[in-house]
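Enquirer: Shown below is the structure under consideration.
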Amino acid sequence: AQMADGGYWIGPDCARQGYMLEALRAVIAHAYGPLDLGRIEAACLPENHASQKLLARAGFEPEGRASAYLQIAGRWRDHLLFAHRRADRRDPTNV
């Protein structure tokens with residue numbers, strides 16, 4: 001299965017103006033179009049409520065919590081996991 005990995009960050013002067021949502025939607029379109037991926041995964045820190053809201057607005061669904069998922073500044077941090085599934089690959093009985 002094909003997979004891609006990425007991340008996002010935006011400076012405080014540009015935050016909450018819709019730029020990241022627009023960029024994320026473009027990434028989703030590219031992932032399901034030219035790249036022909038069936039799923040996109042995302043993870044964020046539990047206290048990052050802005051990122052969680054962004055992912056929800058972009059159609060990502062929560063999938064759980066990963067303990068000690070990523071090391072940040074020398075500390076292993078838990079992350080919340082999200083996924084966006086391509087519409088034609090979603091199970092209508094599991095929505």
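Ligands are numbered from 1 in the order shown, chains are lettered A, B, ... in the order of the structure tokens, and residues start at 1 in each chain.
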Counting only C-alpha atoms, which residues of region 49-86 of chain A fall within 10 Å of region 8-24 of chain A, and what is the closest atom pair for each with its distance in Å at one decimal, ordered by chain and rising number, as JSON lines?
Expert:
{"residue": "A:Ala50", "atom": "CA", "partner": "A:Arg16", "partner_atom": "CA", "distance": 8.5}
{"residue": "A:Ser51", "atom": "CA", "partner": "A:Tyr8", "partner_atom": "CA", "distance": 9.4}
{"residue": "A:Leu54", "atom": "CA", "partner": "A:Leu21", "partner_atom": "CA", "distance": 6.5}
{"residue": "A:Leu55", "atom": "CA", "partner": "A:Leu21", "partner_atom": "CA", "distance": 8.2}
{"residue": "A:Arg57", "atom": "CA", "partner": "A:Leu21", "partner_atom": "CA", "distance": 7.6}
{"residue": "A:Ala58", "atom": "CA", "partner": "A:Leu21", "partner_atom": "CA", "distance": 6.6}
Enquirer: Near Tyr32 (chain A), within 12 Å and counting only C-alpha atoms, which residues show up once chain neighbours fewer than 4 positions away are dropped, as a list in words?
Expert: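 Skipping anything fewer than 4 positions along the chain leaves Gln2, Met3, Ala4, Arg25, Ala26, Val27, Ile28, Asp36, Leu37, Gly38, Arg39, Ile40, His84, Arg85, Arg86, Ala87, Asp88 and Arg89 of chain A.
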Enquirer: List every residue of chain A that DSSP, applied to the backbone of this structure, assigns to helix (DSSP H, G or I), and report them as a tab-separated table (two decimals) with C-alpha atoms, in the first residue's frame.
Expert:
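And here's selection_2.tsv as it stands now:
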chain	number	residue	atom	x	y	z
A	19	TYR	CA	-4.92	29.19	5.21
A	20	MET	CA	-4.11	25.83	6.75
A	21	LEU	CA	-7.57	24.41	5.99
A	22	GLU	CA	-7.18	25.47	2.36
A	23	ALA	CA	-3.72	23.90	2.22
A	24	LEU	CA	-4.91	20.68	3.88
A	25	ARG	CA	-7.80	20.38	1.42
A	26	ALA	CA	-5.32	20.76	-1.45
A	27	VAL	CA	-3.14	18.00	0.04
A	28	ILE	CA	-6.18	15.73	0.39
A	29	ALA	CA	-7.20	16.34	-3.24
A	30	HIS	CA	-3.67	15.60	-4.41
A	31	ALA	CA	-3.42	12.46	-2.26
A	32	TYR	CA	-6.64	11.00	-3.62
A	49	HIS	CA	-7.10	21.90	20.25
A	50	ALA	CA	-6.62	24.14	17.20
A	51	SER	CA	-5.09	21.25	15.25
A	52	GLN	CA	-7.87	18.91	16.34
A	53	LYS	CA	-10.50	21.40	15.12
A	54	LEU	CA	-8.63	21.87	11.83
A	55	LEU	CA	-8.52	18.12	11.23
A	56	ALA	CA	-12.23	17.77	12.02
A	57	ARG	CA	-13.09	20.61	9.59
A	87	ALA	CA	-14.95	8.43	-0.10
A	88	ASP	CA	-15.06	5.45	-2.49
A	89	ARG	CA	-13.16	3.30	0.03
A	92	PRO	CA	-20.96	2.64	4.69
A	93	THR	CA	-21.80	0.22	7.52
A	94	ASN	CA	-18.89	1.53	9.60
Enquirer: So which residues touch Glu63 (chain A) within 10 Å, counting only C-alpha atoms, skipping near sequence neighbours fewer than 4 positions away, as a list in words?
Expert: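 Counting only C-alpha atoms, the residues come to Glu41, Ala42, Ala43, Leu80, Leu81, Phe82 and Ala83 of chain A.
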